[in-house]
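Asks: Contents of run-v4.cif (mmCIF, C-alpha atoms and all ligand atoms) are below:
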data_structure
#
loop_
_atom_site.group_PDB
_atom_site.id
_atom_site.type_symbol
_atom_site.label_atom_id
_atom_site.label_comp_id
_atom_site.auth_asym_id
_atom_site.auth_seq_id
_atom_site.Cartn_x
_atom_site.Cartn_y
_atom_site.Cartn_z
ATOM 1 C CA MET S 100 -58.490 -51.353 31.139
ATOM 2 C CA GLY S 101 -55.403 -49.890 29.534
ATOM 3 C CA LYS S 102 -54.175 -50.470 26.021
ATOM 4 C CA GLY S 103 -50.600 -51.606 25.800
ATOM 5 C CA VAL S 104 -47.700 -52.710 23.641
ATOM 6 C CA ILE S 105 -46.013 -55.754 25.205
ATOM 7 C CA ILE S 106 -42.490 -56.483 23.972
ATOM 8 C CA ALA S 107 -41.722 -60.233 23.740
ATOM 9 C CA CYS S 108 -38.255 -60.609 25.291
ATOM 10 C CA ASP S 109 -37.379 -63.791 23.433
ATOM 11 C CA PHE S 110 -33.712 -63.779 24.413
ATOM 12 C CA LYS S 111 -31.606 -66.730 25.502
ATOM 13 C CA ASN S 112 -30.168 -65.216 28.649
ATOM 14 C CA LYS S 113 -30.044 -62.320 31.074
ATOM 15 C CA ALA S 114 -27.092 -60.566 29.423
ATOM 16 C CA ASP S 115 -28.845 -60.310 26.041
ATOM 17 C CA THR S 116 -32.076 -59.180 27.697
ATOM 18 C CA LEU S 117 -30.480 -56.445 29.767
ATOM 19 C CA ALA S 118 -28.413 -55.234 26.804
ATOM 20 C CA PHE S 119 -31.655 -54.894 24.841
ATOM 21 C CA LEU S 120 -33.410 -53.059 27.699
ATOM 22 C CA ASP S 121 -30.516 -50.622 28.046
ATOM 23 C CA ASN S 122 -31.551 -49.148 24.661
ATOM 24 C CA PHE S 123 -34.647 -47.745 26.363
ATOM 25 C CA LYS S 124 -32.774 -45.845 29.112
ATOM 26 C CA ASP S 125 -35.316 -45.079 31.897
ATOM 27 C CA GLU S 126 -38.485 -45.738 29.916
ATOM 28 C CA LYS S 127 -40.906 -48.082 31.716
ATOM 29 C CA LEU S 128 -42.064 -50.936 29.478
ATOM 30 C CA PHE S 129 -44.458 -53.909 29.508
ATOM 31 C CA LEU S 130 -42.333 -57.007 28.784
ATOM 32 C CA LYS S 131 -43.220 -60.611 28.041
ATOM 33 C CA ILE S 132 -40.924 -63.232 29.572
ATOM 34 C CA GLY S 133 -41.430 -66.661 28.043
ATOM 35 C CA MET S 134 -40.132 -70.168 28.562
ATOM 36 C CA GLU S 135 -36.736 -69.631 26.941
ATOM 37 C CA LEU S 136 -35.623 -66.866 29.280
ATOM 38 C CA PHE S 137 -37.429 -68.116 32.400
ATOM 39 C CA TYR S 138 -36.041 -71.658 32.080
ATOM 40 C CA SER S 139 -32.503 -70.429 31.514
ATOM 41 C CA GLU S 140 -32.395 -67.739 34.209
ATOM 42 C CA GLY S 141 -35.095 -68.744 36.716
ATOM 43 C CA PRO S 142 -37.292 -66.436 38.813
ATOM 44 C CA ASP S 143 -34.407 -64.015 39.429
ATOM 45 C CA ILE S 144 -34.771 -62.579 35.923
ATOM 46 C CA VAL S 145 -38.361 -61.614 36.782
ATOM 47 C CA ARG S 146 -37.253 -59.903 40.005
ATOM 48 C CA GLU S 147 -34.426 -58.090 38.248
ATOM 49 C CA ILE S 148 -36.686 -56.719 35.510
ATOM 50 C CA LYS S 149 -39.385 -55.808 38.049
ATOM 51 C CA ASN S 150 -36.779 -53.901 40.060
ATOM 52 C CA ARG S 151 -36.069 -51.809 36.968
ATOM 53 C CA GLY S 152 -39.715 -50.712 37.102
ATOM 54 C CA HIS S 153 -41.096 -52.642 34.111
ATOM 55 C CA LYS S 154 -44.406 -54.523 33.992
ATOM 56 C CA ILE S 155 -44.221 -58.243 33.243
ATOM 57 C CA PHE S 156 -46.386 -60.745 31.387
ATOM 58 C CA LEU S 157 -45.003 -64.147 32.412
ATOM 59 C CA ASP S 158 -45.894 -66.405 29.480
ATOM 60 C CA LEU S 159 -45.435 -69.953 30.821
ATOM 61 C CA LYS S 160 -48.774 -71.410 29.584
ATOM 62 C CA LEU S 161 -49.424 -73.777 32.503
ATOM 63 C CA HIS S 162 -51.267 -77.011 31.589
ATOM 64 C CA ASP S 163 -51.459 -79.873 34.116
ATOM 65 C CA ILE S 164 -53.897 -81.376 36.620
ATOM 66 C CA PRO S 165 -55.777 -78.717 38.639
ATOM 67 C CA ASN S 166 -53.888 -79.350 41.886
ATOM 68 C CA THR S 167 -50.496 -78.959 40.206
ATOM 69 C CA VAL S 168 -51.535 -75.798 38.374
ATOM 70 C CA GLU S 169 -52.916 -74.325 41.607
ATOM 71 C CA LYS S 170 -49.632 -74.975 43.441
ATOM 72 C CA GLY S 171 -47.550 -73.786 40.500
ATOM 73 C CA MET S 172 -49.522 -70.562 40.356
ATOM 74 C CA ARG S 173 -49.119 -70.142 44.109
ATOM 75 C CA SER S 174 -45.337 -70.150 43.606
ATOM 76 C CA LEU S 175 -45.614 -67.661 40.733
ATOM 77 C CA SER S 176 -47.908 -65.393 42.777
ATOM 78 C CA ASN S 177 -44.923 -64.316 44.884
ATOM 79 C CA LEU S 178 -43.019 -62.960 41.875
ATOM 80 C CA GLY S 179 -45.097 -59.805 41.494
ATOM 81 C CA VAL S 180 -45.810 -60.207 37.774
ATOM 82 C CA ASP S 181 -48.667 -58.244 36.191
ATOM 83 C CA MET S 182 -50.071 -60.931 33.883
ATOM 84 C CA THR S 183 -49.606 -64.679 33.413
ATOM 85 C CA ASN S 184 -51.378 -67.522 31.607
ATOM 86 C CA VAL S 185 -52.623 -71.115 31.318
ATOM 87 C CA HIS S 186 -53.879 -73.308 28.477
ATOM 88 C CA ALA S 187 -57.678 -73.276 28.171
ATOM 89 C CA ALA S 188 -57.384 -76.914 26.992
ATOM 90 C CA GLY S 189 -56.707 -77.850 30.635
ATOM 91 C CA THR S 190 -60.497 -77.390 31.241
ATOM 92 C CA LYS S 191 -62.452 -74.997 33.446
ATOM 93 C CA ASP S 192 -61.524 -76.864 36.650
ATOM 94 C CA MET S 193 -57.853 -76.372 35.893
ATOM 95 C CA MET S 194 -58.287 -72.692 35.045
ATOM 96 C CA THR S 195 -60.266 -72.049 38.243
ATOM 97 C CA ALA S 196 -57.584 -73.844 40.252
ATOM 98 C CA GLY S 197 -54.937 -71.644 38.622
ATOM 99 C CA LEU S 198 -56.904 -68.545 39.537
ATOM 100 C CA LYS S 199 -57.176 -69.725 43.151
ATOM 101 C CA GLY S 200 -53.450 -70.406 43.386
ATOM 102 C CA LEU S 201 -52.570 -67.046 41.909
ATOM 103 C CA THR S 202 -54.769 -65.060 44.309
ATOM 104 C CA LYS S 203 -52.917 -63.773 47.365
ATOM 105 C CA GLU S 204 -54.370 -63.716 50.875
ATOM 106 C CA ASP S 205 -55.343 -60.067 50.490
ATOM 107 C CA GLY S 206 -57.393 -60.975 47.396
ATOM 108 C CA THR S 207 -55.073 -59.313 44.873
ATOM 109 C CA ARG S 208 -53.633 -61.145 41.884
ATOM 110 C CA PRO S 209 -52.096 -60.557 38.455
ATOM 111 C CA LEU S 210 -54.304 -60.745 35.356
ATOM 112 C CA LEU S 211 -54.793 -64.375 34.314
ATOM 113 C CA ILE S 212 -55.475 -65.128 30.677
ATOM 114 C CA ALA S 213 -55.742 -68.365 28.685
ATOM 115 C CA VAL S 214 -54.286 -69.598 25.423
ATOM 116 C CA THR S 215 -57.084 -70.997 23.247
ATOM 117 C CA GLN S 216 -55.763 -72.980 20.281
ATOM 118 C CA LEU S 217 -52.128 -72.164 19.549
ATOM 119 C CA THR S 218 -51.785 -70.226 16.315
ATOM 120 C CA SER S 219 -49.331 -72.897 15.168
ATOM 121 C CA THR S 220 -52.121 -75.527 15.195
ATOM 122 C CA SER S 221 -53.822 -75.971 11.823
ATOM 123 C CA GLN S 222 -57.338 -77.255 11.221
ATOM 124 C CA GLU S 223 -55.854 -80.392 9.683
ATOM 125 C CA ARG S 224 -53.581 -81.227 12.628
ATOM 126 C CA MET S 225 -56.323 -80.445 15.134
ATOM 127 C CA GLU S 226 -58.620 -82.907 13.348
ATOM 128 C CA ASN S 227 -56.068 -85.640 12.694
ATOM 129 C CA GLU S 228 -53.914 -85.463 15.824
ATOM 130 C CA LEU S 229 -56.255 -84.065 18.472
ATOM 131 C CA LEU S 230 -59.456 -85.579 17.007
ATOM 132 C CA ILE S 231 -61.274 -82.245 17.324
ATOM 133 C CA LYS S 232 -63.524 -82.070 14.284
ATOM 134 C CA GLU S 233 -65.153 -78.610 14.612
ATOM 135 C CA PRO S 234 -63.921 -75.546 12.681
ATOM 136 C CA ILE S 235 -60.930 -74.021 14.508
ATOM 137 C CA GLU S 236 -62.722 -70.641 14.859
ATOM 138 C CA ASP S 237 -65.566 -72.375 16.772
ATOM 139 C CA VAL S 238 -63.024 -74.153 18.997
ATOM 140 C CA VAL S 239 -61.297 -70.835 19.792
ATOM 141 C CA MET S 240 -64.643 -69.195 20.675
ATOM 142 C CA HIS S 241 -65.698 -72.174 22.802
ATOM 143 C CA TYR S 242 -62.409 -72.088 24.717
ATOM 144 C CA ALA S 243 -62.819 -68.332 25.191
ATOM 145 C CA GLN S 244 -66.295 -68.910 26.651
ATOM 146 C CA ASN S 245 -64.889 -71.592 29.013
ATOM 147 C CA THR S 246 -62.158 -69.145 30.056
ATOM 148 C CA LYS S 247 -64.751 -66.516 30.892
ATOM 149 C CA GLU S 248 -66.892 -69.033 32.820
ATOM 150 C CA ALA S 249 -63.822 -70.103 34.815
ATOM 151 C CA GLY S 250 -63.475 -66.484 35.975
ATOM 152 C CA LEU S 251 -60.284 -65.546 34.095
ATOM 153 C CA ASP S 252 -59.668 -62.103 32.633
ATOM 154 C CA GLY S 253 -59.190 -62.855 28.955
ATOM 155 C CA VAL S 254 -57.436 -64.811 26.219
ATOM 156 C CA VAL S 255 -54.439 -64.770 23.924
ATOM 157 C CA CYS S 256 -55.797 -64.778 20.382
ATOM 158 C CA SER S 257 -55.222 -63.523 16.861
ATOM 159 C CA PRO S 258 -56.190 -59.860 16.308
ATOM 160 C CA LEU S 259 -58.535 -61.256 13.635
ATOM 161 C CA GLU S 260 -60.497 -63.064 16.366
ATOM 162 C CA VAL S 261 -60.856 -60.096 18.722
ATOM 163 C CA GLN S 262 -64.259 -58.910 17.518
ATOM 164 C CA ALA S 263 -65.820 -62.381 17.770
ATOM 165 C CA VAL S 264 -64.283 -62.947 21.225
ATOM 166 C CA LYS S 265 -65.596 -59.581 22.471
ATOM 167 C CA ALA S 266 -69.061 -60.301 21.007
ATOM 168 C CA LYS S 267 -69.187 -63.612 22.873
ATOM 169 C CA CYS S 268 -67.437 -62.745 26.148
ATOM 170 C CA GLY S 269 -68.048 -59.009 26.552
ATOM 171 C CA LYS S 270 -66.032 -55.881 25.794
ATOM 172 C CA ASP S 271 -64.127 -55.994 29.103
ATOM 173 C CA PHE S 272 -62.829 -59.514 28.427
ATOM 174 C CA ILE S 273 -59.151 -58.873 27.642
ATOM 175 C CA THR S 274 -57.608 -59.837 24.306
ATOM 176 C CA VAL S 275 -53.822 -60.153 24.079
ATOM 177 C CA THR S 276 -52.736 -60.489 20.478
ATOM 178 C CA PRO S 277 -49.418 -61.609 18.964
ATOM 179 C CA GLY S 278 -48.773 -61.923 15.204
ATOM 180 C CA ILE S 279 -47.999 -58.217 14.724
ATOM 181 C CA ARG S 280 -45.921 -56.993 11.767
ATOM 182 C CA PHE S 281 -45.333 -53.621 10.150
ATOM 183 C CA ALA S 282 -45.404 -55.204 6.666
ATOM 184 C CA ALA S 283 -46.519 -58.533 5.162
ATOM 185 C CA LYS S 284 -43.022 -59.289 3.837
ATOM 186 C CA ASP S 285 -41.730 -59.541 7.430
ATOM 187 C CA ALA S 286 -44.122 -62.334 8.491
ATOM 188 C CA GLY S 287 -41.377 -64.893 9.270
ATOM 189 C CA ASP S 288 -43.060 -67.954 10.835
ATOM 190 C CA GLN S 289 -46.273 -66.071 11.728
ATOM 191 C CA VAL S 290 -49.130 -66.782 9.342
ATOM 192 C CA ARG S 291 -52.106 -64.607 10.271
ATOM 193 C CA ILE S 292 -50.493 -61.223 10.788
ATOM 194 C CA THR S 293 -51.809 -57.705 11.408
ATOM 195 C CA THR S 294 -50.240 -54.266 11.698
ATOM 196 C CA PRO S 295 -50.417 -52.344 15.004
ATOM 197 C CA ALA S 296 -52.860 -49.873 13.407
ATOM 198 C CA ARG S 297 -55.163 -52.676 12.227
ATOM 199 C CA ALA S 298 -54.979 -54.373 15.657
ATOM 200 C CA LYS S 299 -56.173 -51.064 17.134
ATOM 201 C CA GLU S 300 -59.097 -50.903 14.687
ATOM 202 C CA LEU S 301 -60.030 -54.492 15.541
ATOM 203 C CA GLY S 302 -60.144 -53.621 19.255
ATOM 204 C CA SER S 303 -57.165 -55.560 20.720
ATOM 205 C CA ASP S 304 -56.357 -54.572 24.283
ATOM 206 C CA TYR S 305 -52.665 -55.529 24.170
ATOM 207 C CA ILE S 306 -50.445 -56.348 21.223
ATOM 208 C CA VAL S 307 -47.445 -58.638 21.774
ATOM 209 C CA VAL S 308 -44.557 -57.684 19.509
ATOM 210 C CA GLY S 309 -41.286 -59.606 19.373
ATOM 211 C CA ARG S 310 -38.957 -59.597 16.390
ATOM 212 C CA PRO S 311 -40.282 -56.399 14.737
ATOM 213 C CA ILE S 312 -38.855 -54.611 17.811
ATOM 214 C CA THR S 313 -36.098 -56.899 19.141
ATOM 215 C CA GLN S 314 -34.467 -57.431 15.722
ATOM 216 C CA ALA S 315 -34.992 -53.888 14.456
ATOM 217 C CA GLU S 316 -31.983 -51.775 13.603
ATOM 218 C CA ASN S 317 -33.369 -49.193 16.002
ATOM 219 C CA PRO S 318 -35.547 -50.997 18.617
ATOM 220 C CA VAL S 319 -36.615 -47.765 20.342
ATOM 221 C CA GLU S 320 -37.865 -46.292 17.074
ATOM 222 C CA ALA S 321 -39.732 -49.527 16.244
ATOM 223 C CA TYR S 322 -41.326 -49.590 19.712
ATOM 224 C CA ASN S 323 -42.341 -45.940 19.451
ATOM 225 C CA LYS S 324 -43.953 -46.616 16.086
ATOM 226 C CA CYS S 325 -45.980 -49.464 17.632
ATOM 227 C CA VAL S 326 -47.151 -47.165 20.437
ATOM 228 C CA GLU S 327 -47.965 -44.388 17.986
ATOM 229 C CA ASP S 328 -49.960 -46.677 15.673
ATOM 230 C CA PHE S 329 -51.684 -48.740 18.380
ATOM 231 C CA ILE S 330 -52.335 -46.296 21.203
ATOM 232 C CA ASP S 331 -51.899 -42.617 20.318
HETATM 233 O O1 LIG T 401 -41.410 -62.250 17.137
HETATM 234 P P1 LIG T 401 -42.905 -62.260 17.183
HETATM 235 O O2 LIG T 401 -43.530 -60.876 17.117
HETATM 236 O O3 LIG T 401 -43.524 -63.216 16.198
HETATM 237 O O4 LIG T 401 -43.227 -62.804 18.660
HETATM 238 C C1 LIG T 401 -44.536 -63.103 19.097
HETATM 239 C C2 LIG T 401 -44.484 -63.613 20.497
HETATM 240 O O5 LIG T 401 -45.800 -64.015 20.878
HETATM 241 C C3 LIG T 401 -43.588 -64.829 20.717
HETATM 242 O O6 LIG T 401 -43.021 -64.708 22.022
HETATM 243 C C4 LIG T 401 -44.543 -66.005 20.648
HETATM 244 O O7 LIG T 401 -44.114 -67.083 21.438
HETATM 245 C C5 LIG T 401 -45.815 -65.389 21.234
HETATM 246 N N1 LIG T 401 -47.055 -66.059 20.846
HETATM 247 C C6 LIG T 401 -47.465 -66.158 19.523
HETATM 248 N N2 LIG T 401 -48.647 -66.794 19.215
HETATM 249 C C7 LIG T 401 -49.416 -67.299 20.190
HETATM 250 C C8 LIG T 401 -49.009 -67.187 21.534
HETATM 251 C C9 LIG T 401 -47.812 -66.553 21.822
HETATM 252 O O8 LIG T 401 -46.787 -65.679 18.626
HETATM 253 N N3 LIG T 401 -50.578 -67.859 19.882
#
The structure given in the file should be rewritten as structure tokens.

Replies:
Amino acid sequence: MGKGVIIACDFKNKADTLAFLDNFKDEKLFLKIGMELFYSEGPDIVREIKNRGHKIFLDLKLHDIPNTVEKGMRSLSNLGVDMTNVHAAGTKDMMTAGLKGLTKEDGTRPLLIAVTQLTSTSQERMENELLIKEPIEDVVMHYAQNTKEAGLDGVVCSPLEVQAVKAKCGKDFITVTPGIRFAAKDAGDQVRITTPARAKELGSDYIVVGRPITQAENPVEAYNKCVEDFID
């Protein structure tokens, strides 16, 4: 399994996204396309970015009844993305259905990972609004175990949870970790943050980096620093 820096392309439209990508000339990147861009531009944005030779993590976090997730994933399976995801809260049946839908007739498929508890969910809200009373760390680990049992490849989690996830689900179980910052003062709305170098020490497989690269004065330099600190 390769290590990688995934750039979160949180842009509102195709023009902004392509203008950003032009900074990188011919360099081949691993890019995350989320709801904002996918809902505004549709599947064509995925095809266009694929045609430029980049890898894609399509971050749509599917969560519905198993049949709907299976059919939704079947539609996404034709896009040629490299990684996509579901919510583990949809249960093992739903995750297995997603995996089935994503798998092509020849048996190939993109990596499928699951979101455990969103990092925006606090212990308090989980208890009061979702009526889940266990410590959030235990909930994340339990969802990771369910994800593994459903046959998926890994989870999105905080870099701070990587070691516990690997201990429970095995070293080959992929961890994709957002919440990356070069310095604590740049946290923005992220709470539990880590530097690329620390994420490497903690054993993350992929870091997802948005604003520290997309809003940087020199995005190429910021990306290269991530690669240097996380991979080299
Ligand atoms: O700009 P920033 O580096 O905070 O972007 C992080 C990216 O990772 C965003 O696209 C955000 O939606 C995503 N993400 C996250 N936390 C999660 C799951 C996804 O920050 N638990």

Asks: For atom CA of Ala243 of chain S and atom CA of Met194 of chain S, quote the distance in Å rounded to one decimal.

Replies: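 Distance between the two atoms: 11.7 Å.
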
Asks: When the cut-off is 10 Å and you count all atoms listed in the file, which residues lie near ligand LIG 401 (chain T), shown as a PyMOL selection string?

Replies: chain S and resi 105-110+131-135+158-160+213-220+254-257+275-280+285-292+306-314

Asks: Could you name the residues that touch Ile273 of chain S at 9 Å or less, counting only C-alpha atoms, but leaving out those on the same chain fewer than 2 positions away, as a VMD selection string?

Replies: chain S and resid 100 212 252 to 255 265 269 to 271 275 303 to 305

Asks: Keeping only C-alpha atoms, write the selected residues to a file as an mmCIF file, in the frame of the given file.

Replies:
data_model
loop_
_atom_site.group_PDB
_atom_site.id
_atom_site.type_symbol
_atom_site.label_atom_id
_atom_site.label_comp_id
_atom_site.auth_asym_id
_atom_site.auth_seq_id
_atom_site.Cartn_x
_atom_site.Cartn_y
_atom_site.Cartn_z
ATOM 1 C CA MET S 100 -58.490 -51.353 31.139
ATOM 2 C CA ILE S 212 -55.475 -65.128 30.677
ATOM 3 C CA ASP S 252 -59.668 -62.103 32.633
ATOM 4 C CA GLY S 253 -59.190 -62.855 28.955
ATOM 5 C CA VAL S 254 -57.436 -64.811 26.219
ATOM 6 C CA VAL S 255 -54.439 -64.770 23.924
ATOM 7 C CA LYS S 265 -65.596 -59.581 22.471
ATOM 8 C CA GLY S 269 -68.048 -59.009 26.552
ATOM 9 C CA LYS S 270 -66.032 -55.881 25.794
ATOM 10 C CA ASP S 271 -64.127 -55.994 29.103
ATOM 11 C CA VAL S 275 -53.822 -60.153 24.079
ATOM 12 C CA SER S 303 -57.165 -55.560 20.720
ATOM 13 C CA ASP S 304 -56.357 -54.572 24.283
ATOM 14 C CA TYR S 305 -52.665 -55.529 24.170
#

Asks: Using all atoms listed in the file, can you tell me which of S:Leu251, S:Ala188, S:Leu128, S:Ile155 comes closest to Val238 of chain S?

Replies: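 Comparing S:Leu251, S:Ala188, S:Leu128, S:Ile155 against Val238 of chain S, the winner is S:Ala188.
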
Asks: How many Å separate atom CA of Leu230 of chain S from atom CA of Asn184 of chain S?

Replies: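 Taking atom CA of Leu230 of chain S as the start and atom CA of Asn184 of chain S as the end point, the length is 24.6 Å.
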
Asks: Calculate how many Å separate atom CA of Glu169 of chain S from atom CA of Asp192 of chain S, rounding to one decimal.

Replies: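 Between atom CA of Glu169 of chain S and atom CA of Asp192 of chain S the gap is 10.3 Å.
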
Asks: Pull out every residue that the PyMOL selection byres (((chain S and resi 327) around 12) and not hetatm) matches in the shown coordinates and put them as a list of chain:residue names.

Replies: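 Selection result, ordered by chain and number: S:Lys102, S:Gly103, S:Val104, S:Thr294, S:Pro295, S:Ala296, S:Lys299, S:Glu320, S:Ala321, S:Tyr322, S:Asn323, S:Lys324, S:Cys325, S:Val326, S:Asp328, S:Phe329, S:Ile330, S:Asp331.
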
Asks: If we draw a sphere of 10 Å around (-64.4, -68.7, 19.1), which residues have at least one atom in it when counting only C-alpha atoms? Please report them as a VMD selection string.

Replies: chain S and resid 215 to 216 234 to 244 256 260 to 268

Asks: Select, from S:Ser221, S:Asn227, S:Thr274, S:Thr246, the residue with the minimum atom-to-atom distance to Gly189 of chain S, counting all atoms listed in the file.

Replies: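 That would be S:Thr246, the residue with the smallest distance to Gly189 of chain S.
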
Asks: The PyMOL selection byres (((chain S and resi 174) around 12) and not hetatm) - which residues does that actually catch in the file I just gave you? List them as a PyMOL selection string.

Replies: chain S and resi 142+167-173+175-180+197+199-203

Asks: Take the residues that were just selected and, keeping C-alpha atoms, output them as a tab-separated table (two decimals), keeping the file's coordinate frame.

Replies:
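And here is the file that came out, result.tsv:
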chain	number	residue	atom	x	y	z
S	142	PRO	CA	-37.29	-66.44	38.81
S	167	THR	CA	-50.50	-78.96	40.21
S	168	VAL	CA	-51.54	-75.80	38.37
S	169	GLU	CA	-52.92	-74.32	41.61
S	170	LYS	CA	-49.63	-74.97	43.44
S	171	GLY	CA	-47.55	-73.79	40.50
S	172	MET	CA	-49.52	-70.56	40.36
S	173	ARG	CA	-49.12	-70.14	44.11
S	175	LEU	CA	-45.61	-67.66	40.73
S	176	SER	CA	-47.91	-65.39	42.78
S	177	ASN	CA	-44.92	-64.32	44.88
S	178	LEU	CA	-43.02	-62.96	41.88
S	179	GLY	CA	-45.10	-59.80	41.49
S	180	VAL	CA	-45.81	-60.21	37.77
S	197	GLY	CA	-54.94	-71.64	38.62
S	199	LYS	CA	-57.18	-69.72	43.15
S	200	GLY	CA	-53.45	-70.41	43.39
S	201	LEU	CA	-52.57	-67.05	41.91
S	202	THR	CA	-54.77	-65.06	44.31
S	203	LYS	CA	-52.92	-63.77	47.36

Asks: Once 5 Å is added on each side, what centre and edge lengths in Å to one decimal does the axis-aligned box around all listed atoms of segment 303-320 of chain S have, as AutoDock Vina command-line options?

Replies:
--center_x -44.6 --center_y -52.9 --center_z 18.9 --size_x 35.2 --size_y 23.3 --size_z 20.7

Asks: Which residues are close to Glu140 of chain S, i.e. within 7 Å by only C-alpha atoms, leaving aside same-chain residues fewer than 3 positions away? Reply as an mmCIF file with C-alpha atoms, in the coordinates of the input.

Replies:
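The resulting file, out-v8.cif, is shown below:
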data_model
loop_
_atom_site.group_PDB
_atom_site.id
_atom_site.type_symbol
_atom_site.label_atom_id
_atom_site.label_comp_id
_atom_site.auth_asym_id
_atom_site.auth_seq_id
_atom_site.Cartn_x
_atom_site.Cartn_y
_atom_site.Cartn_z
ATOM 1 C CA ASN S 112 -30.168 -65.216 28.649
ATOM 2 C CA LYS S 113 -30.044 -62.320 31.074
ATOM 3 C CA LEU S 136 -35.623 -66.866 29.280
ATOM 4 C CA PHE S 137 -37.429 -68.116 32.400
ATOM 5 C CA ASP S 143 -34.407 -64.015 39.429
ATOM 6 C CA ILE S 144 -34.771 -62.579 35.923
#

Asks: Using all atoms listed in the file, find the one residue out of S:Thr183, S:Leu117, S:Phe281, S:Asp125 that sits nearest to Ala315 of chain S.

Replies: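 Closest candidate: S:Phe281.
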
Asks: Find the spatial neighbours of Phe119 of chain S, counting only C-alpha atoms, within a cut-off of 9 Å - ignore same-chain residues fewer than 3 positions away - and output them as a VMD selection string.

Replies: chain S and resid 108 114 to 116 122 to 123 313 318

Asks: From the options S:Glu248, S:Asp205, S:Glu223, S:Asp163, which residue's atoms come nearest to Met193 of chain S, counting all atoms listed in the file?

Replies: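 Closest candidate: S:Asp163.
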
Asks: Can you turn the PyMOL selection byres (((chain S and resi 153) around 6) and not hetatm) into a concrete residue list for this file, as a PDB file with C-alpha atoms, in the frame of the given file?

Replies:
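Wrote expr24.pdb, looks like this:
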ATOM      1  CA  LYS S 127     -40.906 -48.082  31.716  1.00  0.00           C
ATOM      2  CA  LEU S 128     -42.064 -50.936  29.478  1.00  0.00           C
ATOM      3  CA  PHE S 129     -44.458 -53.909  29.508  1.00  0.00           C
ATOM      4  CA  LYS S 149     -39.385 -55.808  38.049  1.00  0.00           C
ATOM      5  CA  ARG S 151     -36.069 -51.809  36.968  1.00  0.00           C
ATOM      6  CA  GLY S 152     -39.715 -50.712  37.102  1.00  0.00           C
ATOM      7  CA  LYS S 154     -44.406 -54.523  33.992  1.00  0.00           C
TER       8      LYS S 154
END
